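**Student:** My questions will all concern the structure given below.
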Amino acid sequence: YGSAIAAYEELLQSHTGAYDSEELPLVASVLHHLGVLHICSAKFEDAALYVNEALTMRREVLGPNHPDVASTLCELGVVYYASEEFWRALRTWWDGLKIVTKAMLQTNLDDTDENGSEGGGHSHRHQAEAVRLLNNIACVRYETGTFATSLSTFEESLEMQRALLGAEKGRDATQALLDMSTTLCNAAMVHRQQGNGDEALALLEEGLMIQRSVLGDAHCRVRGTEAVRDGLLGLSNENGVKGERPPEEGVEVIEVIENLSVCVQDFVCV
């Protein structure tokens with residue numbers, strides 16, 4: 001990510017001291033992307049600086065309830081989550097979810113034509129943000145031991161993701177599929193912790209099928225999911241215990257990448 005960070009830092013420096021009202025949204029977007037890139041590089045202290053600056057600027061320029069504010073809140077929550085500040089992450093993601101939920105309701109009203117049918121508008125983007133936030137909220141629930149709530153939240157996210165299939169195009173469609181595979185694998189880990197090996201395997205296989213279709217068989221993310229699946233099969237076959245989760249395994253937070261050409265973090269047990 002070094003070359004991408006350098007390019008965005010150069011872009012940011014080119015605007016330093018020359019901000020006007022029309023440039024501020026662009027500057028905020030650059031700061032946001034720099035935060036994302038530092039998250040992907042596991043440089044969370046630097047990421048926090050960029051994300052907080054982007055959040056402040058977006059709130060001032062776009063208003064506190066703009067969907068772009070929710071996108072940056074999602075990234076700020078990732079920083080807190082990585083630092084194991086789970087309750088701060090949860091509050092941050094809930095704030096983001098409130099914004100996108102309100103945006104979805106407003107977009108549905110705005111897109112309803114005189115015949116009462118709903119148009120597309122920006123609703124797909126808002127829904128995609130909502131499913132990421134729900135996935136991440138479920139991750140916090142998992143880490144804090146509220147497994148039933150975690151699973152129901154993952155399932156809510158999956159329900160929305162399945163409804164969105166086919167609605168996205170191009171890179172957005174690829175991102176949506178990868179997000180869905182992440183949520184499937186995360187839900188599988190909760191089932192595994194609860195001893196539901198059959199359910200865990202079914203979800204892992206579905207997530208693996210999506211990953212293979214998007215990334216190919218040789219991708220590290222695919223290999224990682226295969227290893228988790230094979231480990232679960234080994235536990236079920238050798239021990240006769242379905243889905244018991246070793247304490248070091250966990251679930252994956254979806255990082256919102258927006259328009260950057262970088263992947264969601266590889267599926268690993270954090």
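Order determines the names: the first chain of the structure tokens is A, the second B, and so forth; residues in each chain are numbered 1 upward, and ligands are numbered 1 upward as they are shown.
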Near A:Ala70, within 10 Å and counting only C-alpha atoms, which residues show up once chain neighbours fewer than 2 positions away are dropped, as a list in words?

**Tutor:**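 Final neighbour list, sorted by chain and number: Leu55, Arg58, Arg59, Pro64, Asn65, His66, Pro67, Asp68, Thr72, Leu73, Cys74, Glu75, Leu76, Thr92, Trp93, Trp94, Asp95, Gly96, Leu97, Lys98, Ile99, Val100, His126, Glu129, Ala130 and Leu133 of chain A.
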
**Student:** Name the residues in contact with A:Ser152 at a cut-off of 10 Å, using only C-alpha atoms, excluding same-chain residues fewer than 5 positions from it; report them as a PDB file with C-alpha atoms, in the first residue's frame.

**Tutor:**
```pdb
ATOM      1  CA  ALA A 138     -21.942  -8.603  15.118  1.00  0.00           C
ATOM      2  CA  PHE A 147     -23.049 -15.096  20.752  1.00  0.00           C
ATOM      3  CA  SER A 157     -26.771  -8.651   7.476  1.00  0.00           C
ATOM      4  CA  LEU A 158     -26.920 -11.769   5.284  1.00  0.00           C
ATOM      5  CA  ALA A 187     -21.619 -16.563  10.954  1.00  0.00           C
TER       6      ALA A 187
END
```

**Student:** Separation of atom CA of A:Gly63 and atom CA of A:Ala28, in Å?

**Tutor:** 12.7 Å

**Student:** Using only C-alpha atoms, find the one residue out of A:Met189, A:Ala48, A:Ala128, A:Leu178 that sits nearest to A:Leu151.

**Tutor:**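 With only C-alpha atoms as the atom set, the closest residue is A:Met189.
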
**Student:** Counting only C-alpha atoms, figure out which residue out of A:Met57, A:Leu201, A:Met209, A:Val78 gets nearest to A:Asp230.

**Tutor:** A:Leu201

**Student:** For atom CA of A:Met180 and atom CA of A:Gln161, quote the distance in Å rounded to one decimal.

**Tutor:**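 A separation of 6.3 Å between them.
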
**Student:** Counting only C-alpha atoms, what is within 9 Å of A:Glu206, bar same-chain residues fewer than 6 positions away, as a PDB file with all heavy atoms, in the first residue's frame?

**Tutor:**
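Dumped to part26.pdb:
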```
ATOM      1  N   SER A 181     -19.302 -13.023   1.457  1.00  0.00           N
ATOM      2  CA  SER A 181     -18.517 -14.196   1.833  1.00  0.00           C
ATOM      3  C   SER A 181     -17.937 -14.016   3.240  1.00  0.00           C
ATOM      4  O   SER A 181     -17.873 -14.977   4.022  1.00  0.00           O
ATOM      5  CB  SER A 181     -17.400 -14.445   0.815  1.00  0.00           C
ATOM      6  OG  SER A 181     -16.340 -13.512   0.951  1.00  0.00           O
ATOM      7  N   LEU A 184     -20.764 -14.649   5.719  1.00  0.00           N
ATOM      8  CA  LEU A 184     -21.045 -16.090   5.776  1.00  0.00           C
ATOM      9  C   LEU A 184     -20.025 -16.810   6.650  1.00  0.00           C
ATOM     10  O   LEU A 184     -20.379 -17.636   7.503  1.00  0.00           O
ATOM     11  CB  LEU A 184     -21.030 -16.679   4.365  1.00  0.00           C
ATOM     12  CG  LEU A 184     -22.253 -16.390   3.495  1.00  0.00           C
ATOM     13  CD1 LEU A 184     -21.931 -16.654   2.027  1.00  0.00           C
ATOM     14  CD2 LEU A 184     -23.443 -17.252   3.940  1.00  0.00           C
ATOM     15  N   CYS A 185     -18.741 -16.490   6.438  1.00  0.00           N
ATOM     16  CA  CYS A 185     -17.688 -17.150   7.214  1.00  0.00           C
ATOM     17  C   CYS A 185     -17.739 -16.740   8.678  1.00  0.00           C
ATOM     18  O   CYS A 185     -17.494 -17.557   9.575  1.00  0.00           O
ATOM     19  CB  CYS A 185     -16.328 -16.838   6.606  1.00  0.00           C
ATOM     20  SG  CYS A 185     -16.076 -17.551   4.947  1.00  0.00           S
TER      21      CYS A 185
END
```

**Student:** For A:Ala188, work out the shell of residues within 8 Å, counting only C-alpha atoms and skipping chain neighbours fewer than 6 positions away, then give it as a PyMOL selection string.

**Tutor:** chain A and resi 199-204

**Student:** Using only C-alpha atoms, can you tell me which of A:Leu232, A:Phe44, A:Arg221, A:Arg212 comes closest to A:Tyr81?

**Tutor:** A:Phe44

**Student:** Name the residues of stretch 87-180 of chain A that fall into alpha helix (DSSP H) according to DSSP on the backbone, using the chain letters and numbers of this document, as a tab-separated table (two decimals) with N, CA, C and O atoms, in the first residue's frame.

**Tutor:**
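As written to disk, selection.tsv reads:
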```tsv
chain	number	residue	atom	x	y	z
A	87	TRP	N	-16.22	-1.54	23.02
A	87	TRP	CA	-17.42	-0.75	23.28
A	87	TRP	C	-17.39	0.57	22.51
A	87	TRP	O	-18.43	1.03	22.05
A	88	ARG	N	-16.19	1.15	22.35
A	88	ARG	CA	-16.09	2.36	21.52
A	88	ARG	C	-16.39	2.02	20.06
A	88	ARG	O	-17.06	2.79	19.36
A	89	ALA	N	-15.92	0.87	19.61
A	89	ALA	CA	-16.22	0.44	18.25
A	89	ALA	C	-17.72	0.25	18.07
A	89	ALA	O	-18.31	0.69	17.06
A	90	LEU	N	-18.35	-0.37	19.06
A	90	LEU	CA	-19.79	-0.63	18.97
A	90	LEU	C	-20.58	0.68	18.89
A	90	LEU	O	-21.47	0.83	18.04
A	91	ARG	N	-20.25	1.62	19.76
A	91	ARG	CA	-20.96	2.91	19.74
A	91	ARG	C	-20.75	3.63	18.41
A	91	ARG	O	-21.68	4.23	17.86
A	92	THR	N	-19.55	3.57	17.89
A	92	THR	CA	-19.24	4.24	16.63
A	92	THR	C	-20.02	3.62	15.48
A	92	THR	O	-20.59	4.33	14.64
A	93	TRP	N	-20.06	2.29	15.43
A	93	TRP	CA	-20.80	1.62	14.35
A	93	TRP	C	-22.30	1.82	14.49
A	93	TRP	O	-23.00	1.94	13.47
A	94	TRP	N	-22.80	1.86	15.71
A	94	TRP	CA	-24.23	2.15	15.88
A	94	TRP	C	-24.57	3.54	15.37
A	94	TRP	O	-25.60	3.75	14.71
A	95	ASP	N	-23.70	4.51	15.65
A	95	ASP	CA	-23.92	5.86	15.13
A	95	ASP	C	-23.95	5.86	13.60
A	95	ASP	O	-24.79	6.53	12.99
A	96	GLY	N	-23.04	5.11	12.98
A	96	GLY	CA	-23.04	5.01	11.53
A	96	GLY	C	-24.29	4.34	11.00
A	96	GLY	O	-24.86	4.76	9.98
A	97	LEU	N	-24.74	3.29	11.68
A	97	LEU	CA	-25.93	2.57	11.23
A	97	LEU	C	-27.18	3.45	11.31
A	97	LEU	O	-28.05	3.39	10.44
A	98	LYS	N	-27.27	4.29	12.34
A	98	LYS	CA	-28.41	5.21	12.44
A	98	LYS	C	-28.45	6.15	11.24
A	98	LYS	O	-29.51	6.44	10.70
A	99	ILE	N	-27.27	6.61	10.83
A	99	ILE	CA	-27.21	7.54	9.69
A	99	ILE	C	-27.66	6.86	8.41
A	99	ILE	O	-28.48	7.41	7.66
A	100	VAL	N	-27.14	5.66	8.13
A	100	VAL	CA	-27.49	5.01	6.86
A	100	VAL	C	-28.93	4.52	6.87
A	100	VAL	O	-29.59	4.48	5.82
A	101	THR	N	-29.44	4.14	8.03
A	101	THR	CA	-30.85	3.73	8.11
A	101	THR	C	-31.76	4.90	7.76
A	101	THR	O	-32.72	4.76	7.00
A	102	LYS	N	-31.43	6.06	8.31
A	102	LYS	CA	-32.20	7.27	7.99
A	102	LYS	C	-32.08	7.61	6.51
A	102	LYS	O	-33.06	7.99	5.85
A	103	ALA	N	-30.86	7.46	5.96
A	103	ALA	CA	-30.64	7.75	4.54
A	103	ALA	C	-31.43	6.79	3.65
A	103	ALA	O	-31.97	7.19	2.62
A	104	MET	N	-31.49	5.51	4.04
A	104	MET	CA	-32.26	4.53	3.26
A	104	MET	C	-33.74	4.88	3.24
A	104	MET	O	-34.39	4.83	2.20
A	105	LEU	N	-34.26	5.26	4.40
A	105	LEU	CA	-35.67	5.63	4.47
A	105	LEU	C	-35.96	6.85	3.60
A	105	LEU	O	-36.95	6.90	2.86
A	106	GLN	N	-35.08	7.85	3.68
A	106	GLN	CA	-35.28	9.06	2.90
A	106	GLN	C	-35.15	8.79	1.41
A	106	GLN	O	-35.92	9.32	0.60
A	107	THR	N	-34.19	7.95	1.02
A	107	THR	CA	-33.99	7.64	-0.39
A	107	THR	C	-35.19	6.89	-0.95
A	107	THR	O	-35.63	7.15	-2.07
A	108	ASN	N	-35.74	5.97	-0.15
A	108	ASN	CA	-36.92	5.24	-0.61
A	108	ASN	C	-38.09	6.19	-0.84
A	108	ASN	O	-38.85	6.04	-1.80
A	109	LEU	N	-38.23	7.19	0.03
A	109	LEU	CA	-39.29	8.18	-0.16
A	109	LEU	C	-39.04	9.02	-1.41
A	109	LEU	O	-39.94	9.27	-2.21
A	110	ASP	N	-37.79	9.45	-1.58
A	110	ASP	CA	-37.45	10.29	-2.73
A	110	ASP	C	-37.58	9.56	-4.05
A	110	ASP	O	-37.89	10.16	-5.08
A	111	ASP	N	-37.30	8.23	-4.03
A	111	ASP	CA	-37.28	7.46	-5.28
A	111	ASP	C	-38.64	6.87	-5.63
A	111	ASP	O	-38.78	6.21	-6.65
A	123	SER	N	-30.01	4.03	-2.93
A	123	SER	CA	-30.40	3.09	-1.88
A	123	SER	C	-29.47	1.89	-1.81
A	123	SER	O	-29.20	1.37	-0.72
A	124	HIS	N	-28.95	1.42	-2.96
A	124	HIS	CA	-28.07	0.26	-2.95
A	124	HIS	C	-26.78	0.57	-2.18
A	124	HIS	O	-26.29	-0.27	-1.43
A	125	ARG	N	-26.26	1.76	-2.38
A	125	ARG	CA	-25.04	2.14	-1.66
A	125	ARG	C	-25.31	2.19	-0.16
A	125	ARG	O	-24.50	1.72	0.65
A	126	HIS	N	-26.44	2.77	0.23
A	126	HIS	CA	-26.77	2.86	1.65
A	126	HIS	C	-26.95	1.46	2.24
A	126	HIS	O	-26.51	1.19	3.37
A	127	GLN	N	-27.60	0.58	1.50
A	127	GLN	CA	-27.80	-0.79	1.99
A	127	GLN	C	-26.48	-1.53	2.12
A	127	GLN	O	-26.27	-2.28	3.08
A	128	ALA	N	-25.58	-1.32	1.16
A	128	ALA	CA	-24.26	-1.96	1.24
A	128	ALA	C	-23.51	-1.48	2.48
A	128	ALA	O	-22.84	-2.27	3.16
A	129	GLU	N	-23.61	-0.19	2.79
A	129	GLU	CA	-22.98	0.33	4.00
A	129	GLU	C	-23.62	-0.27	5.23
A	129	GLU	O	-22.92	-0.62	6.21
A	130	ALA	N	-24.92	-0.41	5.21
A	130	ALA	CA	-25.63	-0.97	6.36
A	130	ALA	C	-25.20	-2.40	6.65
A	130	ALA	O	-25.01	-2.77	7.82
A	131	VAL	N	-25.04	-3.22	5.59
A	131	VAL	CA	-24.67	-4.61	5.85
A	131	VAL	C	-23.25	-4.70	6.40
A	131	VAL	O	-22.96	-5.57	7.23
A	132	ARG	N	-22.36	-3.81	5.97
A	132	ARG	CA	-21.01	-3.80	6.53
A	132	ARG	C	-21.06	-3.43	8.02
A	132	ARG	O	-20.38	-4.05	8.85
A	133	LEU	N	-21.85	-2.41	8.34
A	133	LEU	CA	-21.95	-2.00	9.73
A	133	LEU	C	-22.57	-3.09	10.59
A	133	LEU	O	-22.12	-3.34	11.71
A	134	LEU	N	-23.59	-3.77	10.07
A	134	LEU	CA	-24.21	-4.86	10.82
A	134	LEU	C	-23.21	-5.98	11.06
A	134	LEU	O	-23.15	-6.56	12.15
A	135	ASN	N	-22.45	-6.33	10.02
A	135	ASN	CA	-21.43	-7.36	10.18
A	135	ASN	C	-20.45	-6.97	11.30
A	135	ASN	O	-20.10	-7.79	12.15
A	136	ASN	N	-20.02	-5.72	11.28
A	136	ASN	CA	-19.03	-5.28	12.25
A	136	ASN	C	-19.60	-5.23	13.67
A	136	ASN	O	-18.91	-5.57	14.64
A	137	ILE	N	-20.84	-4.80	13.79
A	137	ILE	CA	-21.51	-4.82	15.09
A	137	ILE	C	-21.59	-6.25	15.62
A	137	ILE	O	-21.36	-6.52	16.80
A	138	ALA	N	-21.89	-7.19	14.72
A	138	ALA	CA	-21.94	-8.60	15.12
A	138	ALA	C	-20.59	-9.10	15.59
A	138	ALA	O	-20.49	-9.92	16.51
A	139	CYS	N	-19.51	-8.60	14.98
A	139	CYS	CA	-18.17	-8.98	15.41
A	139	CYS	C	-17.90	-8.56	16.85
A	139	CYS	O	-17.32	-9.32	17.64
A	140	VAL	N	-18.34	-7.34	17.21
A	140	VAL	CA	-18.16	-6.89	18.58
A	140	VAL	C	-18.97	-7.76	19.53
A	140	VAL	O	-18.50	-8.14	20.61
A	141	ARG	N	-20.19	-8.08	19.14
A	141	ARG	CA	-21.02	-8.95	19.98
A	141	ARG	C	-20.33	-10.28	20.21
A	141	ARG	O	-20.37	-10.84	21.32
A	142	TYR	N	-19.69	-10.79	19.17
A	142	TYR	CA	-18.96	-12.05	19.28
A	142	TYR	C	-17.80	-11.91	20.25
A	142	TYR	O	-17.60	-12.75	21.15
A	143	GLU	N	-17.01	-10.86	20.11
A	143	GLU	CA	-15.83	-10.68	20.94
A	143	GLU	C	-16.19	-10.46	22.41
A	143	GLU	O	-15.38	-10.76	23.30
A	147	PHE	N	-23.08	-14.35	22.00
A	147	PHE	CA	-23.05	-15.10	20.75
A	147	PHE	C	-24.40	-15.16	20.06
A	147	PHE	O	-24.48	-15.10	18.82
A	148	ALA	N	-25.47	-15.29	20.81
A	148	ALA	CA	-26.79	-15.36	20.19
A	148	ALA	C	-27.11	-14.05	19.47
A	148	ALA	O	-27.61	-14.05	18.33
A	149	THR	N	-26.81	-12.91	20.12
A	149	THR	CA	-27.04	-11.62	19.48
A	149	THR	C	-26.13	-11.44	18.28
A	149	THR	O	-26.54	-10.90	17.24
A	150	SER	N	-24.89	-11.90	18.40
A	150	SER	CA	-23.96	-11.83	17.28
A	150	SER	C	-24.50	-12.58	16.08
A	150	SER	O	-24.52	-12.07	14.95
A	151	LEU	N	-24.97	-13.81	16.31
A	151	LEU	CA	-25.47	-14.62	15.20
A	151	LEU	C	-26.69	-13.99	14.55
A	151	LEU	O	-26.80	-13.95	13.32
A	152	SER	N	-27.61	-13.49	15.35
A	152	SER	CA	-28.82	-12.88	14.78
A	152	SER	C	-28.47	-11.63	13.97
A	152	SER	O	-29.11	-11.34	12.95
A	153	THR	N	-27.43	-10.90	14.38
A	153	THR	CA	-27.01	-9.72	13.64
A	153	THR	C	-26.33	-10.11	12.34
A	153	THR	O	-26.55	-9.48	11.29
A	154	PHE	N	-25.49	-11.14	12.36
A	154	PHE	CA	-24.92	-11.66	11.12
A	154	PHE	C	-26.03	-12.09	10.15
A	154	PHE	O	-25.97	-11.84	8.95
A	155	GLU	N	-27.04	-12.76	10.69
A	155	GLU	CA	-28.14	-13.24	9.85
A	155	GLU	C	-28.93	-12.08	9.25
A	155	GLU	O	-29.38	-12.15	8.10
A	156	GLU	N	-29.10	-11.01	10.03
A	156	GLU	CA	-29.77	-9.81	9.50
A	156	GLU	C	-28.96	-9.21	8.35
A	156	GLU	O	-29.51	-8.81	7.32
A	157	SER	N	-27.64	-9.16	8.54
A	157	SER	CA	-26.77	-8.65	7.48
A	157	SER	C	-26.86	-9.53	6.23
A	157	SER	O	-26.98	-9.03	5.11
A	158	LEU	N	-26.84	-10.85	6.42
A	158	LEU	CA	-26.92	-11.77	5.28
A	158	LEU	C	-28.24	-11.63	4.53
A	158	LEU	O	-28.28	-11.71	3.29
A	159	GLU	N	-29.32	-11.45	5.27
A	159	GLU	CA	-30.63	-11.28	4.63
A	159	GLU	C	-30.62	-10.07	3.69
A	159	GLU	O	-31.12	-10.13	2.56
A	160	MET	N	-30.04	-8.98	4.15
A	160	MET	CA	-29.94	-7.78	3.31
A	160	MET	C	-29.01	-8.02	2.12
A	160	MET	O	-29.28	-7.60	1.00
A	161	GLN	N	-27.90	-8.74	2.35
A	161	GLN	CA	-26.96	-9.00	1.28
A	161	GLN	C	-27.57	-9.87	0.19
A	161	GLN	O	-27.35	-9.63	-1.01
A	162	ARG	N	-28.32	-10.87	0.58
A	162	ARG	CA	-28.96	-11.74	-0.42
A	162	ARG	C	-29.98	-10.94	-1.24
A	162	ARG	O	-30.12	-11.15	-2.46
A	163	ALA	N	-30.67	-10.03	-0.59
A	163	ALA	CA	-31.65	-9.20	-1.31
A	163	ALA	C	-30.98	-8.27	-2.30
A	163	ALA	O	-31.59	-7.88	-3.30
A	164	LEU	N	-29.72	-7.91	-2.03
A	164	LEU	CA	-29.00	-6.99	-2.91
A	164	LEU	C	-28.33	-7.67	-4.09
A	164	LEU	O	-27.86	-6.99	-5.01
A	170	GLY	N	-20.36	-3.95	-11.65
A	170	GLY	CA	-18.93	-3.70	-11.73
A	170	GLY	C	-18.22	-3.96	-10.42
A	170	GLY	O	-18.43	-4.99	-9.76
A	171	ARG	N	-17.34	-3.03	-10.03
A	171	ARG	CA	-16.55	-3.19	-8.81
A	171	ARG	C	-17.43	-3.29	-7.59
A	171	ARG	O	-17.12	-4.01	-6.64
A	172	ASP	N	-18.55	-2.57	-7.58
A	172	ASP	CA	-19.46	-2.63	-6.44
A	172	ASP	C	-20.01	-4.04	-6.27
A	172	ASP	O	-20.20	-4.51	-5.14
A	173	ALA	N	-20.28	-4.72	-7.38
A	173	ALA	CA	-20.80	-6.08	-7.31
A	173	ALA	C	-19.75	-7.03	-6.72
A	173	ALA	O	-20.07	-7.91	-5.90
A	174	THR	N	-18.50	-6.85	-7.15
A	174	THR	CA	-17.41	-7.68	-6.60
A	174	THR	C	-17.26	-7.44	-5.11
A	174	THR	O	-17.13	-8.39	-4.32
A	175	GLN	N	-17.28	-6.17	-4.70
A	175	GLN	CA	-17.16	-5.84	-3.28
A	175	GLN	C	-18.31	-6.45	-2.49
A	175	GLN	O	-18.11	-6.99	-1.39
A	176	ALA	N	-19.52	-6.38	-3.05
A	176	ALA	CA	-20.69	-6.92	-2.36
A	176	ALA	C	-20.56	-8.43	-2.16
A	176	ALA	O	-20.91	-8.96	-1.10
A	177	LEU	N	-20.06	-9.13	-3.17
A	177	LEU	CA	-19.88	-10.58	-3.06
A	177	LEU	C	-18.83	-10.92	-2.00
A	177	LEU	O	-19.02	-11.84	-1.20
A	178	LEU	N	-17.73	-10.18	-1.98
A	178	LEU	CA	-16.69	-10.45	-0.99
A	178	LEU	C	-17.18	-10.12	0.42
A	178	LEU	O	-16.87	-10.85	1.37
A	179	ASP	N	-17.95	-9.05	0.56
A	179	ASP	CA	-18.54	-8.73	1.86
A	179	ASP	C	-19.46	-9.86	2.32
A	179	ASP	O	-19.48	-10.25	3.49
A	180	MET	N	-20.24	-10.37	1.38
A	180	MET	CA	-21.16	-11.46	1.72
A	180	MET	C	-20.40	-12.71	2.15
A	180	MET	O	-20.78	-13.39	3.11
```
